[in-house]
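**Q** My structure is stored as final.csv, with CSV, C-alpha atoms.
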chain,number,residue,atom,x,y,z
K,1,GLN,CA,111.1,104.6,68.0
K,2,LYS,CA,108.3,105.4,70.4
K,3,GLU,CA,105.8,107.8,68.9
K,4,VAL,CA,102.8,109.8,69.9
K,5,GLU,CA,100.6,111.1,67.1
K,6,GLN,CA,98.1,114.0,67.4
K,7,ASN,CA,96.2,115.9,64.7
K,8,SER,CA,97.8,119.3,64.7
K,9,GLY,CA,94.4,121.0,63.9
K,10,PRO,CA,93.2,123.6,64.4
K,11,LEU,CA,90.1,122.0,65.7
K,12,SER,CA,87.2,124.4,65.7
K,13,VAL,CA,84.3,123.8,68.0
K,14,PRO,CA,81.3,126.0,68.8
K,15,GLU,CA,80.9,127.2,72.3
K,16,GLY,CA,78.9,124.8,74.4
K,17,ALA,CA,79.6,121.8,72.3
K,18,ILE,CA,81.9,118.8,73.1
K,19,ALA,CA,85.5,119.0,71.9
K,20,SER,CA,87.1,115.7,71.2
K,21,LEU,CA,90.9,115.4,71.1
K,22,ASN,CA,92.6,112.2,70.1
K,23,CYS,CA,96.1,110.7,70.5
K,24,THR,CA,97.6,107.4,69.3
K,25,TYR,CA,100.8,105.9,70.4
K,26,SER,CA,103.1,103.1,69.4
K,27,ASP,CA,104.6,101.8,72.6
K,28,ARG,CA,102.3,99.0,73.9
K,29,GLY,CA,104.3,99.0,77.2
K,30,SER,CA,103.2,102.5,78.2
K,31,GLN,CA,101.3,102.6,81.4
K,32,SER,CA,100.8,106.3,82.2
K,33,PHE,CA,99.1,108.9,80.0
K,34,PHE,CA,98.7,112.6,80.4
K,35,TRP,CA,96.9,115.6,78.8
K,36,TYR,CA,98.4,119.0,79.1
K,37,ARG,CA,96.9,122.3,78.1
K,38,GLN,CA,99.2,125.1,76.8
K,39,TYR,CA,97.9,128.6,76.3
K,40,SER,CA,99.8,130.7,73.7
K,41,GLY,CA,103.1,132.0,75.2
K,42,LYS,CA,102.6,130.0,78.4
K,43,SER,CA,104.1,126.7,79.8
K,44,PRO,CA,102.1,123.5,79.6
K,45,GLU,CA,99.9,122.6,82.6
K,46,LEU,CA,98.7,119.1,83.5
K,47,ILE,CA,95.0,118.7,83.3
K,48,MET,CA,94.4,115.0,83.3
K,49,SER,CA,96.2,111.8,83.9
K,50,ILE,CA,95.0,108.3,83.2
K,51,TYR,CA,96.5,104.9,84.0
K,52,SER,CA,93.9,102.2,83.3
K,53,ASN,CA,91.5,101.4,80.5
K,54,GLY,CA,88.2,103.2,80.5
K,55,ASP,CA,87.1,106.7,81.3
K,56,LYS,CA,88.2,109.2,83.9
K,57,GLU,CA,86.2,112.3,84.6
K,58,ASP,CA,87.2,115.5,86.2
K,59,GLY,CA,84.7,118.3,85.9
K,60,ARG,CA,84.1,119.1,82.3
K,61,PHE,CA,87.1,116.9,81.2
K,62,THR,CA,87.0,113.2,80.5
K,63,ALA,CA,90.0,111.2,79.5
K,64,GLN,CA,89.5,107.9,77.8
K,65,LEU,CA,92.1,105.2,77.4
K,66,ASN,CA,92.1,102.1,75.2
K,67,LYS,CA,95.4,100.2,75.5
K,68,ALA,CA,94.3,97.5,73.1
K,69,SER,CA,93.8,100.1,70.3
K,70,GLN,CA,96.6,102.3,71.6
K,71,TYR,CA,94.7,105.5,71.8
K,72,VAL,CA,93.9,108.0,74.4
K,73,SER,CA,91.4,110.8,74.0
K,74,LEU,CA,90.2,113.9,75.9
K,75,LEU,CA,86.7,115.1,75.8
K,76,ILE,CA,85.8,118.7,76.9
K,77,ARG,CA,82.1,119.1,77.6
K,78,ASP,CA,80.3,122.5,77.4
K,79,SER,CA,83.4,124.0,75.7
K,80,GLN,CA,84.2,127.6,76.6
K,81,PRO,CA,86.3,130.2,74.8
K,82,SER,CA,88.8,129.9,77.7
K,83,ASP,CA,89.4,126.3,76.6
K,84,SER,CA,91.0,127.6,73.4
K,85,ALA,CA,94.6,126.3,73.6
K,86,THR,CA,97.0,123.7,72.4
K,87,TYR,CA,96.4,120.3,74.0
K,88,LEU,CA,99.5,118.0,74.4
K,89,CYS,CA,99.3,114.3,74.8
K,90,ALA,CA,102.1,112.6,76.6
K,91,LEU,CA,102.9,109.2,77.9
K,92,GLU,CA,105.6,107.6,80.1
K,93,GLY,CA,108.1,105.9,77.9
K,94,GLY,CA,109.2,103.4,80.5
K,95,GLY,CA,112.5,103.2,82.4
K,96,SER,CA,113.2,104.7,85.8
K,97,ASN,CA,113.5,108.4,84.8
K,98,TYR,CA,109.8,109.1,84.3
K,99,GLN,CA,110.5,110.6,80.9
K,100,LEU,CA,107.6,111.6,78.9
K,101,ILE,CA,107.1,111.1,75.2
K,102,TRP,CA,105.2,114.0,73.7
K,103,GLY,CA,102.8,114.5,70.9
K,104,ALA,CA,103.1,117.7,68.9
K,105,GLY,CA,99.8,119.0,70.2
K,106,THR,CA,96.3,119.8,68.8
K,107,LYS,CA,95.3,123.4,68.6
K,108,LEU,CA,91.7,123.9,69.8
K,109,ILE,CA,89.6,126.9,69.0
K,110,ILE,CA,86.3,127.4,70.7
K,111,LYS,CA,84.1,129.8,68.7
K,112,PRO,CA,81.7,132.0,70.7
E,1,SER,CA,103.6,122.2,98.2
E,2,GLN,CA,106.1,122.0,95.4
E,3,THR,CA,106.9,125.0,93.3
E,4,ILE,CA,109.3,125.5,90.4
E,5,HIS,CA,110.9,128.8,89.6
E,6,GLN,CA,112.5,129.7,86.3
E,7,TRP,CA,114.1,132.9,85.3
E,8,PRO,CA,114.4,135.2,83.4
E,9,ALA,CA,111.1,135.3,81.7
E,10,THR,CA,112.4,137.0,78.6
E,11,LEU,CA,115.9,137.3,77.2
E,12,VAL,CA,117.3,138.9,74.1
E,13,GLN,CA,120.9,138.0,73.4
E,14,PRO,CA,123.3,138.7,70.5
E,15,VAL,CA,124.7,135.9,68.5
E,16,GLY,CA,127.9,134.6,70.1
E,17,SER,CA,127.1,135.7,73.6
E,18,PRO,CA,126.9,133.3,76.6
E,19,LEU,CA,123.7,132.1,78.2
E,20,SER,CA,122.7,131.0,81.6
E,21,LEU,CA,119.2,130.0,82.6
E,22,GLU,CA,118.4,128.9,86.1
E,23,CYS,CA,115.7,126.7,87.5
E,24,THR,CA,115.0,125.9,91.1
E,25,VAL,CA,112.5,123.6,92.7
E,26,GLU,CA,111.1,123.9,96.2
E,27,GLY,CA,109.1,121.5,98.4
E,28,THR,CA,110.6,118.3,97.2
E,29,SER,CA,113.9,116.5,97.4
E,30,ASN,CA,115.8,114.6,94.7
E,31,PRO,CA,113.5,115.5,91.9
E,32,ASN,CA,114.1,114.4,88.3
E,33,LEU,CA,114.7,117.6,86.4
E,34,TYR,CA,114.3,118.4,82.7
E,35,TRP,CA,115.2,121.1,80.2
E,36,TYR,CA,113.0,121.4,77.1
E,37,ARG,CA,113.0,123.8,74.2
E,38,GLN,CA,109.9,124.7,72.1
E,39,ALA,CA,110.4,126.4,68.8
E,40,ALA,CA,107.6,128.7,67.6
E,41,GLY,CA,104.6,126.6,66.7
E,42,ARG,CA,106.4,123.4,67.4
E,43,GLY,CA,106.3,120.6,69.9
E,44,LEU,CA,108.5,120.0,73.0
E,45,GLN,CA,112.1,119.0,72.4
E,46,LEU,CA,113.9,117.4,75.4
E,47,LEU,CA,117.4,118.8,75.8
E,48,PHE,CA,118.7,117.5,79.1
E,49,TYR,CA,117.5,115.6,82.1
E,50,SER,CA,119.0,114.9,85.5
E,51,VAL,CA,118.2,112.3,88.1
E,52,GLY,CA,120.6,113.7,90.7
E,53,ILE,CA,123.4,116.1,91.6
E,54,GLY,CA,126.0,116.2,88.8
E,55,GLN,CA,124.1,113.6,86.7
E,56,ILE,CA,123.2,115.0,83.3
E,57,SER,CA,122.0,113.2,80.3
E,58,SER,CA,121.9,114.9,76.9
E,59,GLU,CA,119.3,114.1,74.4
E,60,VAL,CA,120.2,116.3,71.5
E,61,PRO,CA,123.8,117.3,70.4
E,62,GLN,CA,124.1,121.1,70.3
E,63,ASN,CA,126.1,123.9,71.7
E,64,LEU,CA,124.1,123.9,75.0
E,65,SER,CA,125.1,122.3,78.3
E,66,ALA,CA,123.4,121.7,81.6
E,67,SER,CA,124.6,121.4,85.1
E,68,ARG,CA,123.0,120.4,88.5
E,69,PRO,CA,125.2,121.9,91.2
E,70,GLN,CA,122.6,121.4,93.9
E,71,ASP,CA,119.7,118.9,94.4
E,72,ARG,CA,117.0,121.4,93.5
E,73,GLN,CA,118.9,123.6,91.0
E,74,PHE,CA,119.3,123.0,87.3
E,75,ILE,CA,121.2,125.4,85.0
E,76,LEU,CA,121.2,125.6,81.2
E,77,SER,CA,124.2,127.2,79.6
E,78,SER,CA,125.8,128.1,76.4
E,79,LYS,CA,129.2,129.6,75.7
E,80,LYS,CA,128.2,131.1,72.3
E,81,LEU,CA,124.6,131.4,71.2
E,82,LEU,CA,123.5,130.7,67.7
E,83,LEU,CA,120.4,132.2,65.9
E,84,SER,CA,118.9,128.7,66.0
E,85,ASP,CA,119.0,128.7,69.8
E,86,SER,CA,116.0,131.0,69.9
E,87,GLY,CA,112.9,129.5,71.4
E,88,PHE,CA,110.9,128.9,74.5
E,89,TYR,CA,112.9,127.1,77.2
E,90,LEU,CA,111.1,125.2,79.8
E,91,CYS,CA,112.3,123.6,83.0
E,92,ALA,CA,110.3,120.8,84.5
E,93,TRP,CA,110.4,118.3,87.4
E,94,SER,CA,108.7,115.0,87.8
E,95,SER,CA,107.8,112.8,90.8
E,96,SER,CA,107.0,109.1,91.2
E,97,ARG,CA,103.3,110.1,90.8
E,98,GLY,CA,104.0,110.7,87.2
E,99,GLY,CA,103.6,113.7,85.0
E,100,TYR,CA,105.7,116.9,84.9
E,101,THR,CA,105.3,120.3,86.5
E,102,PHE,CA,106.7,123.0,84.3
E,103,GLY,CA,108.2,126.3,85.2
E,104,SER,CA,106.9,129.5,83.6
E,105,GLY,CA,109.5,129.4,80.9
E,106,THR,CA,112.1,131.7,79.3
E,107,ARG,CA,111.6,133.1,75.9
E,108,LEU,CA,115.0,133.5,74.3
E,109,THR,CA,115.5,135.6,71.2
E,110,VAL,CA,119.0,135.5,69.7
E,111,VAL,CA,119.6,138.5,67.4
What is this file in structure tokens?
**A**
Amino acid sequence: QKEVEQNSGPLSVPEGAIASLNCTYSDRGSQSFFWYRQYSGKSPELIMSIYSNGDKEDGRFTAQLNKASQYVSLLIRDSQPSDSATYLCALEGGGSNYQLIWGAGTKLIIKP
Amino acid sequence: SQTIHQWPATLVQPVGSPLSLECTVEGTSNPNLYWYRQAAGRGLQLLFYSVGIGQISSEVPQNLSASRPQDRQFILSSKKLLLSDSGFYLCAWSSSRGGYTFGSGTRLTVV
């Protein structure tokens, strides 16, 4: 059973600080990893993808992947109240259908 | 550019009534299409996926069904809704680049 684990939170972070979201997975064969942001009542939107070990930066967001330790993380610098949302970790489970295996999400609250 | 349309946005249906939710994709051909359900405060549950016209795979046994009559059209149906069918229904498509793009979702309340 391929699994993706996330702390459900809520994770409370003061405005301007760094928010750190973590995700561990069980399938060593996974090659593609994604972070989605979901605002309450809205559909998930892709914010970061990462395919190789190391860091990938996009604006205030940094995704980190460590395949040996089987974890992927998302750092949000200079957190803003608008970053308050649920963050979903997902990875491709293999096969030709590009199916994603999803974590249950971490709720992030940025306190002004 | 690729876009995905999903409707209706909100639906209130009585128990035992039929359901039809539609999803269409523009700007791409032969996409992989998915139907997900998200119960309140819960994660995403994959219901169906399709890799081509008429090709439907079901992930969870239930009273729902899906059809793909055209390349860029995906329909979720039920003959008789149950209270437990309430939730947020999401259509998504994926490309070889990886990752999904979701539609705006349909919030279904069965009363």
**Q** Just the number, please: distance in Å from atom CA of Ala85 of chain K to atom CA of Ile50 of chain K, one decimal.
**A**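 If I compute the distance from atom CA of Ala85 of chain K to atom CA of Ile50 of chain K, I get 20.4 Å.
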**Q** Work out how far apart atom CA of Ala40 of chain E and atom CA of Arg60 of chain K are and give it in Å to one decimal.
**A**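 Distance reported for this atom pair: 29.3 Å.
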**Q** For each of E:Arg72, E:Gly103, E:Leu44, E:Ser65, take the minimum atom-to-atom distance to Leu100 of chain K, counting only C-alpha atoms, then give the residue where this is smallest.
**A**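 Closest to Leu100 of chain K of all the choices is E:Leu44.
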**Q** Near chain E, which residues of chain K fall within 8 Å when you count all atoms listed in the file, and what do they look like as a list of chain:residue names?
**A**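 That gives the following set of residues: K:Ser32, K:Phe34, K:Lys42, K:Ser43, K:Pro44, K:Glu45, K:Leu46, K:Ser49, K:Glu92, K:Asn97, K:Tyr98, K:Leu100, K:Trp102, K:Gly103, K:Ala104, K:Gly105.
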**Q** For each of K:Tyr39, K:Phe61, K:Tyr71, K:Tyr51, take the minimum atom-to-atom distance to Asp27 of chain K, counting all atoms listed in the file, then give the residue where this is smallest.
**A**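 Between K:Tyr39, K:Phe61, K:Tyr71, K:Tyr51, the residue approaching Asp27 of chain K most closely is K:Tyr71.
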**Q** Using only C-alpha atoms, which residue out of E:Gln55, E:Ser84, E:Thr109, E:Ser67 lies closest to Ser20 of chain E?
**A**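 Closest to Ser20 of chain E, using only C-alpha atoms: E:Ser67.
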**Q** Using Å and a single decimal, report how far atom CA of Leu91 of chain K sits from atom CA of Ser12 of chain K.
**A**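 Calculated distance between atom CA of Ser12 of chain K and atom CA of Leu91 of chain K is 25.0 Å.
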**Q** K:Gly59, K:Gly54, K:Pro10, K:Pro112: which is nearest Arg77 of chain K, counting only C-alpha atoms?
**A** K:Gly59
**Q** Give me the residues within 10 Å of Leu108 of chain K as a list in words, counting all atoms listed in the file and dropping any in the same chain fewer than 2 places off.
**A**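 Contacts, with the query itself left out: Ser8, Gly9, Pro10, Leu11, Ser12, Val13, Ala19, Ser20, Leu21, Arg37, Pro81, Asp83, Ser84, Ala85, Thr86, Tyr87, Gly105, Thr106, Ile110 and Lys111 of chain K.
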**Q** Residues within 9 Å of Asp85 of chain E, please, as a PyMOL selection string. Count all atoms listed in the file; anything in the same chain fewer than 2 positions from it doesn't count.
**A** chain E and resi 37+39+63-64+81-83+87+108-110
**Q** Take the point (84.2, 113.1, 80.3) as written in the file and pick out every residue within 9 Å of it, counting only C-alpha atoms; give the list as a PyMOL selection string.
**A** chain K and resi 55-64+74-77
**Q** Which one of K:Thr24, K:Gln31, K:Ala68, K:Gln99 sits closest to Phe48 of chain E if you count only C-alpha atoms?
**A**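 Using only C-alpha atoms, Phe48 of chain E sits closest to K:Gln99.
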**Q** Let me make sure I understand: among K:Ser82, K:Lys2, K:Asn66, K:Gln38, which one has the smallest atom-to-atom distance to Ile109 of chain K if we use only C-alpha atoms?
**A**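 The answer is K:Ser82, which sits nearest to Ile109 of chain K.
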**Q** Can you tell me which residues surround Ala66 of chain E at a distance of at most 7 Å, considering all atoms listed in the file, apart from same-chain residues fewer than 6 positions away, and format the answer as a PDB file with C-alpha atoms, in the coordinates of the input?
**A**
ATOM      1  CA  PHE E  48     118.700 117.500  79.100  1.00  0.00           C
ATOM      2  CA  ILE E  56     123.200 115.000  83.300  1.00  0.00           C
ATOM      3  CA  ILE E  75     121.200 125.400  85.000  1.00  0.00           C
ATOM      4  CA  LEU E  76     121.200 125.600  81.200  1.00  0.00           C
ATOM      5  CA  SER E  77     124.200 127.200  79.600  1.00  0.00           C
TER       6      SER E  77
END
**Q** Can I get a file of segment 7-22 of chain E from the given structure, all heavy atoms kept, as a short mmCIF file (atom, residue, chain, number, x, y, z; two decimals), in the first residue's frame?
**A**
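Listed below is the output, selection_12.cif:
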data_model
loop_
_atom_site.label_atom_id
_atom_site.label_comp_id
_atom_site.auth_asym_id
_atom_site.auth_seq_id
_atom_site.Cartn_x
_atom_site.Cartn_y
_atom_site.Cartn_z
N TRP E 7 -19.38 21.86 -13.90
CA TRP E 7 -20.64 22.45 -13.45
C TRP E 7 -21.63 21.40 -13.04
O TRP E 7 -21.47 20.23 -13.41
CB TRP E 7 -21.23 23.36 -14.54
CG TRP E 7 -21.69 22.64 -15.76
CD1 TRP E 7 -22.93 22.14 -16.02
CD2 TRP E 7 -20.89 22.34 -16.92
NE1 TRP E 7 -22.95 21.55 -17.26
CE2 TRP E 7 -21.71 21.66 -17.83
CE3 TRP E 7 -19.55 22.58 -17.26
CZ2 TRP E 7 -21.25 21.24 -19.07
CZ3 TRP E 7 -19.09 22.15 -18.48
CH2 TRP E 7 -19.93 21.49 -19.37
N PRO E 8 -22.63 21.75 -12.18
CA PRO E 8 -22.80 23.07 -11.58
C PRO E 8 -21.86 23.28 -10.41
O PRO E 8 -21.20 22.35 -9.97
CB PRO E 8 -24.25 23.03 -11.11
CG PRO E 8 -24.47 21.59 -10.77
CD PRO E 8 -23.67 20.81 -11.77
N ALA E 9 -21.79 24.46 -9.87
CA ALA E 9 -20.93 24.76 -8.73
C ALA E 9 -21.53 24.24 -7.43
O ALA E 9 -20.82 23.79 -6.54
CB ALA E 9 -20.69 26.27 -8.63
N THR E 10 -22.84 24.32 -7.33
CA THR E 10 -23.54 23.89 -6.12
C THR E 10 -24.79 23.13 -6.52
O THR E 10 -25.45 23.49 -7.50
CB THR E 10 -23.94 25.10 -5.26
OG1 THR E 10 -22.77 25.88 -4.98
CG2 THR E 10 -24.55 24.66 -3.95
N LEU E 11 -25.08 22.09 -5.76
CA LEU E 11 -26.25 21.27 -6.07
C LEU E 11 -26.83 20.71 -4.78
O LEU E 11 -26.09 20.18 -3.95
CB LEU E 11 -25.83 20.13 -7.00
CG LEU E 11 -26.88 19.36 -7.78
CD1 LEU E 11 -27.71 20.30 -8.64
CD2 LEU E 11 -26.22 18.28 -8.62
N VAL E 12 -28.13 20.85 -4.62
CA VAL E 12 -28.85 20.24 -3.49
C VAL E 12 -29.86 19.28 -4.09
O VAL E 12 -30.72 19.69 -4.87
CB VAL E 12 -29.55 21.30 -2.62
CG1 VAL E 12 -30.29 20.62 -1.46
CG2 VAL E 12 -28.54 22.32 -2.09
N GLN E 13 -29.74 18.02 -3.72
CA GLN E 13 -30.58 16.99 -4.30
C GLN E 13 -31.21 16.13 -3.21
O GLN E 13 -30.56 15.84 -2.20
CB GLN E 13 -29.76 16.07 -5.21
CG GLN E 13 -29.22 16.74 -6.48
CD GLN E 13 -30.31 16.91 -7.52
OE1 GLN E 13 -30.88 18.00 -7.63
NE2 GLN E 13 -30.59 15.87 -8.27
N PRO E 14 -32.45 15.69 -3.39
CA PRO E 14 -33.05 14.78 -2.40
C PRO E 14 -32.50 13.37 -2.53
O PRO E 14 -32.04 12.96 -3.61
CB PRO E 14 -34.54 14.83 -2.74
CG PRO E 14 -34.60 15.25 -4.18
CD PRO E 14 -33.41 16.11 -4.43
N VAL E 15 -32.55 12.65 -1.43
CA VAL E 15 -32.17 11.24 -1.44
C VAL E 15 -33.01 10.49 -2.48
O VAL E 15 -34.21 10.71 -2.60
CB VAL E 15 -32.38 10.62 -0.04
CG1 VAL E 15 -32.25 9.10 -0.10
CG2 VAL E 15 -31.39 11.18 0.96
N GLY E 16 -32.34 9.63 -3.23
CA GLY E 16 -33.05 8.84 -4.23
C GLY E 16 -33.14 9.47 -5.60
O GLY E 16 -33.58 8.82 -6.56
N SER E 17 -32.74 10.71 -5.70
CA SER E 17 -32.81 11.39 -7.00
C SER E 17 -31.56 11.07 -7.82
O SER E 17 -30.54 10.64 -7.29
CB SER E 17 -32.93 12.90 -6.80
OG SER E 17 -31.77 13.42 -6.18
N PRO E 18 -31.63 11.28 -9.16
CA PRO E 18 -30.45 11.01 -10.00
C PRO E 18 -29.47 12.17 -9.96
O PRO E 18 -29.78 13.27 -9.49
CB PRO E 18 -31.07 10.85 -11.40
CG PRO E 18 -32.29 11.71 -11.35
CD PRO E 18 -32.81 11.62 -9.95
N LEU E 19 -28.27 11.90 -10.46
CA LEU E 19 -27.21 12.91 -10.47
C LEU E 19 -26.48 12.87 -11.81
O LEU E 19 -26.23 11.78 -12.36
CB LEU E 19 -26.22 12.64 -9.35
CG LEU E 19 -24.95 13.51 -9.33
CD1 LEU E 19 -25.29 14.92 -8.86
CD2 LEU E 19 -23.87 12.90 -8.45
N SER E 20 -26.13 14.03 -12.31
CA SER E 20 -25.26 14.11 -13.46
C SER E 20 -24.37 15.33 -13.32
O SER E 20 -24.86 16.46 -13.28
CB SER E 20 -26.07 14.19 -14.76
OG SER E 20 -25.19 14.25 -15.88
N LEU E 21 -23.08 15.10 -13.21
CA LEU E 21 -22.10 16.19 -13.15
C LEU E 21 -21.22 16.09 -14.39
O LEU E 21 -20.80 15.01 -14.78
CB LEU E 21 -21.21 16.07 -11.90
CG LEU E 21 -21.92 16.07 -10.55
CD1 LEU E 21 -20.89 15.94 -9.43
CD2 LEU E 21 -22.77 17.30 -10.36
N GLU E 22 -20.95 17.25 -14.98
CA GLU E 22 -20.20 17.24 -16.23
C GLU E 22 -18.90 18.02 -16.11
O GLU E 22 -18.82 19.02 -15.41
CB GLU E 22 -21.05 17.83 -17.35
CG GLU E 22 -20.44 17.67 -18.74
CD GLU E 22 -21.45 17.88 -19.85
OE1 GLU E 22 -22.66 17.81 -19.59
OE2 GLU E 22 -20.99 18.13 -20.99
#
